[in-house]
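Pasted below: run-v9.txt, compact mmCIF, C-alpha atoms.
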```txt
# COMPACT_ATOMS: atom_id res chain seq x y z
CA MET A 20 113.78 83.13 99.09
CA GLU A 21 112.38 83.90 95.70
CA PHE A 22 109.29 82.94 93.75
CA TYR A 23 108.97 80.22 91.17
CA GLN A 24 109.23 81.46 87.65
CA ARG A 25 105.83 82.50 86.36
CA ASP A 26 104.46 79.92 83.90
CA ARG A 27 103.65 82.17 80.97
CA THR A 28 101.96 79.31 79.08
CA LEU A 29 99.11 79.59 81.56
CA GLN A 30 98.95 83.38 81.49
CA PRO A 31 97.57 85.66 78.79
CA ALA A 32 100.03 87.34 76.47
CA GLY A 33 99.96 91.13 76.34
CA TYR A 34 99.02 91.30 72.68
CA THR A 35 95.72 89.48 72.11
CA PRO A 36 93.87 90.89 69.07
CA ILE A 37 90.57 89.17 70.01
CA TYR A 38 90.50 91.65 72.89
CA LYS A 39 90.87 94.79 70.83
CA THR A 40 91.91 97.20 73.57
CA SER A 41 95.02 95.10 74.18
CA VAL A 42 96.42 95.88 70.73
CA ALA A 43 97.65 99.41 71.47
CA ARG A 44 98.29 98.75 75.15
CA SER A 45 100.64 95.77 74.94
CA PRO A 46 104.43 96.00 74.93
CA ARG A 47 106.15 94.77 71.76
CA GLN A 48 109.61 94.24 73.20
CA ALA A 49 110.42 91.12 75.20
CA MET A 50 110.23 91.63 78.93
CA LEU A 51 113.56 91.49 80.73
CA SER A 52 113.74 88.43 83.00
CA LEU A 53 114.80 89.46 86.46
CA GLN A 54 115.76 87.18 89.32
CA GLY A 55 114.18 88.16 92.59
CA SER A 56 115.77 90.71 94.88
CA LEU A 57 114.21 92.27 97.96
CA SER A 58 112.38 94.64 95.61
CA GLU A 59 110.37 91.71 94.24
CA THR A 60 110.20 89.31 97.19
CA THR A 61 108.87 91.85 99.68
CA GLY A 62 105.56 93.66 99.45
CA PRO A 63 103.12 95.75 101.45
CA VAL A 64 101.57 94.37 104.63
CA PHE A 65 98.02 95.26 105.67
CA GLY A 66 96.25 94.91 109.01
CA GLN A 67 92.71 94.11 110.06
CA HIS A 68 92.52 97.52 111.76
CA GLU A 69 92.61 99.13 108.33
CA LEU A 70 89.34 97.48 107.30
CA GLY A 71 85.83 98.36 108.41
CA PRO A 72 83.40 95.80 109.86
CA LEU A 73 81.21 95.83 106.72
CA ASP A 74 84.01 95.85 104.19
CA ASN A 75 83.31 92.22 103.24
CA ASP A 76 79.52 92.58 103.17
CA LEU A 77 78.46 94.11 99.86
CA ILE A 78 74.80 93.59 100.77
CA ARG A 79 75.19 96.03 103.64
CA ASN A 80 78.21 98.21 103.01
CA TYR A 81 76.39 100.70 100.78
CA ALA A 82 72.77 100.02 101.74
CA LYS A 83 70.76 103.23 102.13
CA ASP A 84 67.14 102.17 102.60
CA GLY A 85 67.13 98.39 102.14
CA ASP A 86 69.00 95.50 100.60
CA PRO A 87 70.26 95.60 97.02
CA ILE A 88 68.26 93.77 94.33
CA GLY A 89 69.62 90.42 93.24
CA GLU A 90 70.50 86.85 94.15
CA ARG A 91 72.11 86.75 97.56
CA ILE A 92 75.43 84.92 97.39
CA ILE A 93 78.45 84.14 99.52
CA VAL A 94 81.81 83.85 97.79
CA HIS A 95 84.47 82.09 99.81
CA GLY A 96 87.69 80.20 99.33
CA ARG A 97 91.36 80.19 100.06
CA VAL A 98 94.38 82.03 98.79
CA LEU A 99 97.09 79.40 98.32
CA ASP A 100 100.49 79.32 96.72
CA GLU A 101 101.80 76.83 94.16
CA ASN A 102 103.15 74.72 97.03
CA ASN A 103 99.55 74.35 98.26
CA ARG A 104 100.37 76.40 101.32
CA PRO A 105 97.91 79.01 102.56
CA VAL A 106 98.76 82.68 102.07
CA PRO A 107 97.71 84.15 105.43
CA HIS A 108 96.81 87.75 106.31
CA THR A 109 96.88 88.97 102.74
CA LEU A 110 94.56 91.61 101.32
CA VAL A 111 91.88 90.46 98.87
CA GLU A 112 89.79 93.16 97.17
CA PHE A 113 86.78 92.61 94.93
CA TRP A 114 84.45 94.69 92.78
CA GLN A 115 81.55 93.99 90.49
CA ALA A 116 78.49 95.23 88.61
CA ASN A 117 75.05 95.12 90.19
CA ALA A 118 72.35 92.54 89.38
CA GLY A 119 71.48 94.44 86.19
CA GLY A 120 75.06 94.53 84.95
CA ARG A 121 75.65 98.20 85.80
CA TYR A 122 78.70 99.50 87.66
CA ARG A 123 78.58 102.35 90.13
CA HIS A 124 81.18 104.27 88.17
CA LYS A 125 81.04 107.70 86.59
CA LYS A 126 82.28 106.26 83.29
CA ASP A 127 79.69 103.47 83.03
CA THR A 128 76.75 104.62 80.90
CA TYR A 129 75.00 101.28 80.33
CA LEU A 130 71.22 101.76 80.42
CA ALA A 131 70.59 99.27 83.24
CA PRO A 132 69.87 101.26 86.40
CA ILE A 133 72.19 101.97 89.31
CA ASP A 134 70.99 100.20 92.46
CA PRO A 135 70.74 102.83 95.21
CA ASN A 136 71.65 100.21 97.81
CA PHE A 137 74.65 98.69 96.10
CA GLY A 138 78.18 100.04 95.92
CA GLY A 139 79.83 97.00 94.39
CA CYS A 140 83.15 96.76 96.17
CA GLY A 141 84.62 95.17 99.25
CA ARG A 142 87.75 93.69 100.75
CA ALA A 143 88.94 91.16 103.29
CA LEU A 144 92.13 89.86 104.83
CA THR A 145 92.70 86.12 104.64
CA ASP A 146 92.94 84.38 108.01
CA GLU A 147 95.87 82.22 109.15
CA ASN A 148 94.63 79.42 106.83
CA GLY A 149 94.42 81.69 103.80
CA TYR A 150 90.62 81.68 104.02
CA TYR A 151 88.47 84.63 102.97
CA PHE A 152 84.73 85.15 102.50
CA PHE A 153 82.32 87.87 101.54
CA ARG A 154 78.63 88.33 100.93
CA THR A 155 77.17 90.07 97.91
CA ILE A 156 74.55 89.78 95.18
CA LYS A 157 75.23 87.97 91.95
CA PRO A 158 76.35 90.44 89.27
CA GLY A 159 74.58 90.53 85.91
CA PRO A 160 76.16 90.19 82.47
CA TYR A 161 76.49 93.34 80.37
CA PRO A 162 77.38 94.43 76.84
CA TRP A 163 80.68 96.03 75.92
CA ARG A 164 82.29 97.39 72.80
CA ASN A 165 84.65 94.79 71.46
CA TYR A 166 82.61 93.29 68.69
CA VAL A 167 79.29 95.14 68.36
CA ASN A 168 77.46 92.32 70.11
CA SER A 169 79.94 91.34 72.83
CA TRP A 170 78.66 90.48 76.30
CA ARG A 171 80.64 89.92 79.43
CA PRO A 172 79.69 86.84 81.43
CA ALA A 173 78.74 87.61 85.02
CA HIS A 174 81.99 88.10 86.92
CA ILE A 175 83.61 89.48 90.04
CA HIS A 176 87.00 91.19 89.81
CA PHE A 177 89.62 90.14 92.35
CA SER A 178 92.84 91.83 93.42
CA VAL A 179 95.28 89.85 95.60
CA PHE A 180 98.64 90.83 97.08
CA GLY A 181 100.47 87.82 98.50
CA SER A 182 103.62 88.34 100.53
CA GLY A 183 105.83 89.77 97.77
CA PHE A 184 105.26 92.31 95.02
CA ALA A 185 106.02 89.61 92.41
CA GLN A 186 102.88 87.74 93.51
CA ARG A 187 100.57 90.68 92.83
CA LEU A 188 97.60 89.47 90.80
CA ILE A 189 94.35 90.77 89.37
CA THR A 190 91.84 88.35 87.94
CA GLN A 191 88.12 87.71 87.44
CA MET A 192 85.90 85.01 88.87
CA TYR A 193 83.15 83.54 86.70
CA PHE A 194 80.09 81.52 87.69
CA GLU A 195 79.47 77.85 87.00
CA GLY A 196 77.07 77.28 84.13
CA ASP A 197 77.25 80.75 82.55
CA PRO A 198 76.81 80.27 78.76
CA LEU A 199 78.58 83.57 78.03
CA ILE A 200 81.94 82.31 79.30
CA LYS A 201 82.66 80.39 76.11
CA GLU A 202 81.89 83.49 73.99
CA CYS A 203 83.97 86.02 75.89
CA PRO A 204 87.14 87.41 74.25
CA ILE A 205 88.53 88.52 77.61
CA VAL A 206 88.21 84.98 78.99
CA HIS A 207 89.81 83.54 75.87
CA VAL A 208 92.97 85.62 76.03
CA ILE A 209 93.99 82.84 78.43
CA PRO A 210 95.72 80.25 76.24
CA ASP A 211 94.97 77.19 78.39
CA GLU A 212 91.55 75.61 78.84
CA ASP A 213 92.30 74.27 82.33
CA ALA A 214 93.51 77.70 83.39
CA ILE A 215 90.19 79.14 82.20
CA ASN A 216 88.26 76.48 84.10
CA ARG A 217 90.13 77.40 87.27
CA LEU A 218 88.50 80.86 87.05
CA ILE A 219 85.00 79.39 87.15
CA ALA A 220 83.59 79.10 90.67
CA PRO A 221 81.32 76.11 91.35
CA ILE A 222 78.15 76.37 93.35
CA ASP A 223 78.95 75.15 96.87
CA LEU A 224 75.79 73.95 98.57
CA ASN A 225 77.74 73.00 101.68
CA GLY A 226 78.83 76.59 102.06
CA SER A 227 75.33 77.95 101.53
CA ILE A 228 73.03 79.22 104.26
CA PRO A 229 69.75 77.29 103.80
CA LEU A 230 66.75 79.49 102.88
CA ASP A 231 69.02 82.54 102.86
CA THR A 232 72.15 82.69 100.67
CA ILE A 233 73.78 80.38 98.13
CA ALA A 234 77.56 79.98 98.06
CA TYR A 235 80.22 79.82 95.37
CA LYS A 236 83.73 78.61 96.16
CA PHE A 237 86.71 80.31 94.58
CA ASP A 238 90.31 79.46 95.43
CA ILE A 239 93.13 81.65 94.16
CA VAL A 240 96.68 80.39 93.65
CA LEU A 241 99.66 82.74 93.82
CA ARG A 242 103.21 81.93 92.82
CA GLY A 243 105.08 79.56 95.12
CA ARG A 244 108.13 80.41 97.18
CA ARG A 245 111.44 78.73 96.58
CA SER A 246 114.04 78.46 99.29
CA THR A 247 117.61 78.68 98.11
CA LEU A 248 118.94 75.19 98.89
CA PHE A 249 122.71 74.77 98.75
CA GLU A 250 123.26 78.40 97.89
CA ASN A 251 125.11 80.91 99.95
CA ARG A 252 122.54 82.73 101.96
CA LEU A 253 122.32 86.08 100.33
CA GLU A 254 121.98 89.12 102.46
CA GLY A 255 118.30 89.78 102.94
CA ASN A 256 117.35 86.20 102.12
CA MET B 28 105.31 56.79 84.64
CA VAL B 29 106.86 58.86 87.36
CA GLN B 30 105.55 60.27 90.56
CA PRO B 31 103.31 63.28 90.02
CA LEU B 32 104.65 66.71 90.89
CA GLU B 33 101.90 68.06 93.02
CA TYR B 34 102.30 71.76 92.57
CA LEU B 35 99.28 73.93 92.05
CA LYS B 36 99.13 76.26 89.07
CA GLU B 37 99.10 80.02 89.42
CA THR B 38 95.66 81.52 88.82
CA ALA B 39 95.44 83.18 85.41
CA SER B 40 95.43 86.96 85.28
CA GLN B 41 92.57 88.94 83.74
CA THR B 42 92.42 92.61 82.90
CA ALA B 43 91.53 95.02 85.68
CA GLY B 44 89.02 96.52 83.25
CA PRO B 45 87.72 100.07 82.88
CA TYR B 46 86.04 100.09 86.29
CA VAL B 47 89.02 99.08 88.41
CA HIS B 48 88.53 102.29 90.38
CA ILE B 49 85.35 100.91 91.99
CA GLY B 50 87.27 98.24 93.81
CA LEU B 51 90.62 99.83 94.44
CA ILE B 52 90.08 103.60 94.50
CA PRO B 53 86.29 104.08 94.81
CA LYS B 54 86.55 107.84 95.32
CA GLN B 55 87.82 108.17 91.77
CA ALA B 56 84.88 106.05 90.57
CA GLY B 57 82.69 108.75 92.15
CA PHE B 58 81.56 107.39 95.50
CA ASP B 59 82.62 107.10 99.09
CA ILE B 60 82.27 103.72 100.76
CA PHE B 61 85.28 102.82 102.93
CA GLU B 62 86.28 104.60 106.11
CA ASN B 63 89.91 104.00 105.29
CA ASN B 64 91.09 104.46 101.72
CA PHE B 65 94.40 103.50 100.19
CA THR B 66 95.92 106.49 98.46
CA ASN B 67 98.87 108.08 96.70
CA ILE B 68 99.96 109.95 99.84
CA MET B 69 102.66 107.68 101.24
CA ALA B 70 104.50 109.86 103.74
CA ASP B 71 103.20 111.64 106.83
CA GLU B 72 104.87 114.34 108.92
CA ASN B 73 106.87 111.73 110.86
CA THR B 74 108.26 109.84 107.89
CA ARG B 75 112.00 110.17 107.53
CA GLY B 76 113.51 111.22 104.22
CA GLU B 77 113.38 113.75 101.45
CA ARG B 78 109.82 114.57 100.32
CA ILE B 79 109.34 114.04 96.63
CA ILE B 80 106.54 113.88 94.09
CA ILE B 81 106.52 111.31 91.32
CA GLU B 82 104.27 112.08 88.42
CA GLY B 83 103.81 111.11 84.83
CA ARG B 84 101.61 109.46 82.27
CA VAL B 85 101.06 105.99 80.85
CA ILE B 86 101.14 106.20 77.07
CA ASP B 87 99.83 103.65 74.57
CA GLY B 88 101.21 102.62 71.18
CA THR B 89 99.39 105.44 69.38
CA GLY B 90 100.91 108.07 71.66
CA THR B 91 97.68 108.52 73.60
CA PRO B 92 97.91 108.72 77.40
CA LEU B 93 95.70 106.30 79.33
CA ARG B 94 93.02 107.93 81.44
CA ASP B 95 91.96 104.69 83.08
CA ALA B 96 95.22 103.12 84.28
CA LEU B 97 95.87 102.14 87.87
CA LEU B 98 99.39 102.23 89.27
CA GLU B 99 100.90 100.91 92.46
CA ILE B 100 104.40 101.56 93.69
CA TRP B 101 106.48 99.74 96.26
CA GLN B 102 109.70 101.15 97.61
CA ALA B 103 112.27 101.11 100.35
CA ASN B 104 112.45 103.87 102.94
CA ALA B 105 115.09 106.58 103.16
CA ASP B 106 117.56 104.08 104.66
CA GLY B 107 116.96 101.56 101.88
CA ARG B 108 114.89 99.25 104.07
CA TYR B 109 111.65 97.62 102.98
CA ASN B 110 108.92 97.51 105.62
CA HIS B 111 108.71 93.71 105.44
CA GLU B 112 109.92 90.79 107.56
CA LEU B 113 112.15 89.41 104.80
CA ASP B 114 114.26 92.56 104.76
CA ARG B 115 117.18 91.67 107.03
CA GLN B 116 119.68 94.09 105.58
CA ASN B 117 122.38 95.51 107.80
CA ARG B 118 121.58 99.11 107.13
CA GLY B 119 119.49 101.80 108.77
CA GLU B 120 116.12 101.00 110.28
CA ILE B 121 112.54 100.22 109.37
CA ASP B 122 110.45 103.40 109.48
CA ALA B 123 107.21 102.78 111.37
CA ASN B 124 105.73 105.79 109.58
CA PHE B 125 106.33 104.50 106.10
CA ARG B 126 104.70 101.42 104.59
CA GLY B 127 106.36 102.07 101.27
CA TRP B 128 103.31 101.35 99.13
CA GLY B 129 100.90 103.62 97.32
CA ARG B 130 98.15 103.37 94.74
CA THR B 131 96.52 105.83 92.37
CA GLY B 132 94.82 106.15 89.00
CA THR B 133 95.73 108.31 86.07
CA ASP B 134 93.42 111.33 86.06
CA PHE B 135 90.27 111.04 83.91
CA ASP B 136 90.95 114.51 82.45
CA THR B 137 94.67 115.17 82.53
CA ALA B 138 95.84 111.51 82.30
CA VAL B 139 98.53 112.30 84.87
CA TYR B 140 99.29 110.10 87.90
CA ARG B 141 100.97 111.40 91.00
CA PHE B 142 102.51 109.98 94.18
CA GLU B 143 103.64 111.93 97.22
CA THR B 144 106.39 109.97 98.87
CA ILE B 145 110.03 110.10 100.00
CA LYS B 146 113.16 109.28 98.08
CA PRO B 147 114.30 105.73 98.85
CA GLY B 148 117.83 104.74 99.77
CA VAL B 149 120.18 102.20 98.23
CA VAL B 150 119.01 98.57 98.65
CA THR B 151 121.25 95.51 98.64
CA GLY B 152 120.52 93.37 95.61
CA ARG B 153 121.53 89.87 94.64
CA ASN B 154 125.03 88.72 95.49
CA GLY B 155 125.44 91.63 97.85
CA ARG B 156 125.55 94.20 95.06
CA ASP B 157 123.97 97.55 95.81
CA MET B 158 120.99 98.62 93.73
CA ALA B 159 120.64 102.32 93.02
CA PRO B 160 117.63 103.99 94.66
CA HIS B 161 114.53 102.92 92.77
CA VAL B 162 110.78 102.60 92.99
CA ASN B 163 108.97 99.46 91.82
CA PHE B 164 105.93 100.04 89.60
CA TRP B 165 102.97 97.81 88.78
CA ILE B 166 100.53 98.98 86.11
CA VAL B 167 97.11 97.56 85.28
CA ALA B 168 94.29 98.86 83.08
CA ARG B 169 91.65 97.93 80.59
CA GLY B 170 93.50 96.28 77.72
CA ILE B 171 96.38 95.10 79.92
CA ASN B 172 95.91 91.37 80.39
CA ILE B 173 98.51 90.91 83.10
CA GLY B 174 100.01 93.57 85.33
CA LEU B 175 103.19 95.17 84.02
CA ASN B 176 106.22 95.50 86.28
CA THR B 177 108.92 98.09 85.88
CA ARG B 178 111.20 100.27 87.99
CA MET B 179 111.81 103.98 88.21
CA TYR B 180 115.33 105.20 88.88
CA PHE B 181 116.36 108.74 89.81
CA GLY B 182 118.00 111.03 87.26
CA ASP B 183 120.16 112.72 89.88
CA GLU B 184 121.81 109.41 90.85
CA GLN B 185 124.05 109.01 87.81
CA ILE B 186 126.89 107.26 89.64
CA ALA B 187 124.65 104.77 91.43
CA ASN B 188 122.62 104.20 88.27
CA ALA B 189 125.75 103.45 86.26
CA ALA B 190 126.63 100.66 88.71
CA ASP B 191 123.09 99.32 89.16
CA PRO B 192 122.98 95.56 88.47
CA VAL B 193 119.45 95.68 87.03
CA LEU B 194 119.96 98.64 84.70
CA ASN B 195 123.14 96.93 83.51
CA LEU B 196 121.14 93.86 82.49
CA ILE B 197 119.44 95.88 79.78
CA GLU B 198 121.37 94.94 76.69
CA GLN B 199 120.34 97.94 74.58
CA THR B 200 121.95 100.71 76.59
CA GLU B 201 119.70 103.26 74.88
CA ARG B 202 116.68 101.66 76.54
CA ARG B 203 118.03 102.12 80.07
CA LYS B 204 116.96 105.74 80.01
CA THR B 205 113.31 104.66 79.78
CA LEU B 206 113.59 103.81 83.49
CA ILE B 207 115.19 107.05 84.64
CA ALA B 208 113.01 109.89 85.89
CA THR B 209 114.04 113.50 85.46
CA ARG B 210 114.16 115.71 88.52
CA ASP B 211 112.49 119.12 88.50
CA ASP B 212 113.47 121.43 91.37
CA SER B 213 111.41 124.42 90.30
CA GLY B 214 108.66 123.90 92.89
CA ALA B 215 108.58 123.65 96.69
CA VAL B 216 108.90 119.85 96.52
CA PRO B 217 111.09 118.15 93.94
CA VAL B 218 109.14 116.43 91.21
CA TYR B 219 110.38 113.37 89.37
CA ARG B 220 108.70 112.97 85.99
CA PHE B 221 108.32 109.40 84.86
CA ASP B 222 106.27 108.54 81.78
CA ILE B 223 105.61 104.88 81.07
CA VAL B 224 105.38 104.02 77.38
CA LEU B 225 103.53 100.78 76.79
CA GLN B 226 104.53 100.29 73.18
CA GLY B 227 106.47 101.69 70.28
CA GLU B 228 109.29 104.18 70.17
CA ASN B 229 110.83 104.62 73.63
CA GLU B 230 108.88 101.65 74.95
CA THR B 231 109.57 101.30 78.66
CA VAL B 232 111.57 98.27 79.74
CA PHE B 233 109.21 95.92 81.58
CA PHE B 234 110.38 93.08 83.78
CA ASP B 235 109.34 89.47 84.00
CA ILE B 236 109.92 89.20 87.72
```

Can the structure from this file be put into structure tokens for me?
Amino acid sequence: MEFYQRDRTLQPAGYTPIYKTSVARSPRQAMLSLQGSLSETTGPVFGQHELGPLDNDLIRNYAKDGDPIGERIIVHGRVLDENNRPVPHTLVEFWQANAGGRYRHKKDTYLAPIDPNFGGCGRALTDENGYYFFRTIKPGPYPWRNYVNSWRPAHIHFSVFGSGFAQRLITQMYFEGDPLIKECPIVHVIPDEDAINRLIAPIDLNGSIPLDTIAYKFDIVLRGRRSTLFENRLEGN
Amino acid sequence: MVQPLEYLKETASQTAGPYVHIGLIPKQAGFDIFENNFTNIMADENTRGERIIIEGRVIDGTGTPLRDALLEIWQANADGRYNHELDRQNRGEIDANFRGWGRTGTDFDTAVYRFETIKPGVVTGRNGRDMAPHVNFWIVARGINIGLNTRMYFGDEQIANAADPVLNLIEQTERRKTLIATRDDSGAVPVYRFDIVLQGENETVFFDI
């Protein structure tokens, strides 16, 4: 088993001058292409027992004396691979700013206030169908120093493992209808318009809880697995 | 026209950003939220193998070490076995006390990262060829659009390193040393120093895996 080659035409390059921080942090030499060995096709396994009961409820997992301020939302979807097969029992982690666009982080000095009832992080394991869900409040947009007047669209960061270390992925989910998406240099390091659109979660009224919480649906696709047809079965394959 | 190929497309990567610690290592962000935290301490008292420390820095193209990078490592156990169902090698055993994965950030002040783990064994690579002991690295940070993959090899394994099929793929032999950590035995636990250079002179070899 190995993974399909990553389609780099759908992925951001390292060096993307519109996102200024990438200039000094991007390799200049070509990466060395490596066929998968056990070091790439295996990866860490996590269990439900490692997670707490509120780990996927950002409305409650840091609440001190009430609910956090903001629009109550559910984010749900599936982790799939390029073969359209679910990726079961894999760890999905997420983090975000609060409704005012402020992160609970010692290095964030934006003037919007910290919300005493909001931590801004959570995690879940996908079920046997690759399904995950969590509850949170909608994050706010915020300014950042790229150009002097750059603003991040509202977004939630996602970290996903998959079954092998070569599937490891970090990305960001955006919200349908956000006018800042088309202005954002970080979004536009992605060279393919359809690939950008796949990061924008639609409102999902069917997934909403009437009179309570609105839902957004966000599916994540990891690299597909290739079986080695007609090849000698390698040890460890 | 032909039949459509109905594969899905891999989701595009985005930077982990400056606040990656909130989601993945919240204690470093400055708060305590999860009962169980994933850390850089990978071995407990029952783990088999030689205790080692891996530490180093992640350095940008201006020579400045990153203070906001996040690193994960994935490695085999002392017998060279990965704790994963796909590992069906005929060697040693899975160690129930070793997942083989750790995560940490570079320090906000010193810019140093550190893992406490065990030295892995030899792993069978493609075509049955042994790979020298190595640790797989994945690095993300603000300014890194897609996670960077590399490997750390051990400086005291010269013979195994010389025969390693991956190191031997690196055409510019001078660059192979960017993947080899130096061992320091001056403390109670051996320390392997492994700096990752993102760009410029001595740029680390990264892999498209």

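With all atoms listed in the file as the atoms that count, the residue of A:Glu21, A:Glu202, A:Glu90, A:Glu112 with the shortest distance to chain B is A:Glu112.
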
Near chain A, which residues of chain B fall within 6 Å when you count all atoms listed in the file, and what do they look like as a PyMOL selection string? chain B and resi 34-41+50+56-57+87-88+114-116+152-153+170-172+225-226+233-236

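Distance check against Gly148 of chain B using only C-alpha atoms: of B:Leu113, B:Ile86, B:Ala187, B:Val216, the minimum falls on B:Ala187.
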
Shortest contact to Phe194 of chain A, candidates A:Asn225, A:Val94, A:Asn168, A:Arg244, atoms counted all atoms listed in the file, goes to A:Val94

(78.0, 76.1, 86.3) in this file's frame - what residues fall within 8 Å of it? Use only C-alpha atoms and give the answer as a PyMOL selection string.
chain A and resi 194-197+219-222

With distances taken over all atoms listed in the file, the candidate from A:Phe137, A:Glu147, A:Pro107, A:Leu224 nearest Asp59 of chain B is A:Phe137

Residues near Ile166 of chain B, anyone? I mean within 9 Å using all atoms listed in the file, not counting same-chain ones fewer than 6 positions away, as a compact mmCIF listing (two decimals) with C-alpha atoms, in the frame of the given file.
```txt
# COMPACT_ATOMS: atom_id res chain seq x y z
CA VAL B 85 101.06 105.99 80.85
CA ALA B 96 95.22 103.12 84.28
CA LEU B 97 95.87 102.14 87.87
CA LEU B 98 99.39 102.23 89.27
CA GLU B 99 100.90 100.91 92.46
CA ILE B 100 104.40 101.56 93.69
CA ILE B 173 98.51 90.91 83.10
CA GLY B 174 100.01 93.57 85.33
CA LEU B 175 103.19 95.17 84.02
CA ASN B 176 106.22 95.50 86.28
CA THR B 177 108.92 98.09 85.88
```

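Among A:Ile37, A:Leu77, A:Ile93, A:Ala131, the residue with the shortest atom-to-atom distance to Cys203 of chain A, counting only C-alpha atoms, is A:Ile37.
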
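Nearest-residue note for Val47 of chain B: choosing from B:Gly83, B:Gly127, B:Gly132, B:Pro31, the minimum distance belongs to B:Gly132, counting only C-alpha atoms.
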
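Using all atoms listed in the file, the contacts of segment 60-71 of chain B at a cut-off of 6 Å, with sequence neighbours closer than 6 positions omitted, comprise Gly129, Arg130, Thr131, Phe142, Glu143 and Thr144 of chain B.
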
Pairwise distance, atom CA of Gly149 of chain A with atom CA of Gly226 of chain A, equals 16.5 Å

Copy segment 126-137 of chain A out of the block into a file, keeping C-alpha atoms, as a PDB file, in the first residue's frame.
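So the final result, stored in out30.pdb, reads:
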```pdb
ATOM      1  CA  LYS A 126       1.102  36.184  21.591  1.00  0.00           C
ATOM      2  CA  ASP A 127      -2.198  37.634  20.313  1.00  0.00           C
ATOM      3  CA  THR A 128      -2.427  41.327  21.212  1.00  0.00           C
ATOM      4  CA  TYR A 129      -5.385  42.353  19.034  1.00  0.00           C
ATOM      5  CA  LEU A 130      -7.556  44.865  20.895  1.00  0.00           C
ATOM      6  CA  ALA A 131     -10.768  42.817  20.688  1.00  0.00           C
ATOM      7  CA  PRO A 132     -11.398  41.301  24.122  1.00  0.00           C
ATOM      8  CA  ILE A 133     -10.748  37.759  25.286  1.00  0.00           C
ATOM      9  CA  ASP A 134     -14.018  35.952  26.018  1.00  0.00           C
ATOM     10  CA  PRO A 135     -13.769  34.534  29.546  1.00  0.00           C
ATOM     11  CA  ASN A 136     -15.970  31.601  28.539  1.00  0.00           C
ATOM     12  CA  PHE A 137     -14.225  30.623  25.341  1.00  0.00           C
TER      13      PHE A 137
END
```
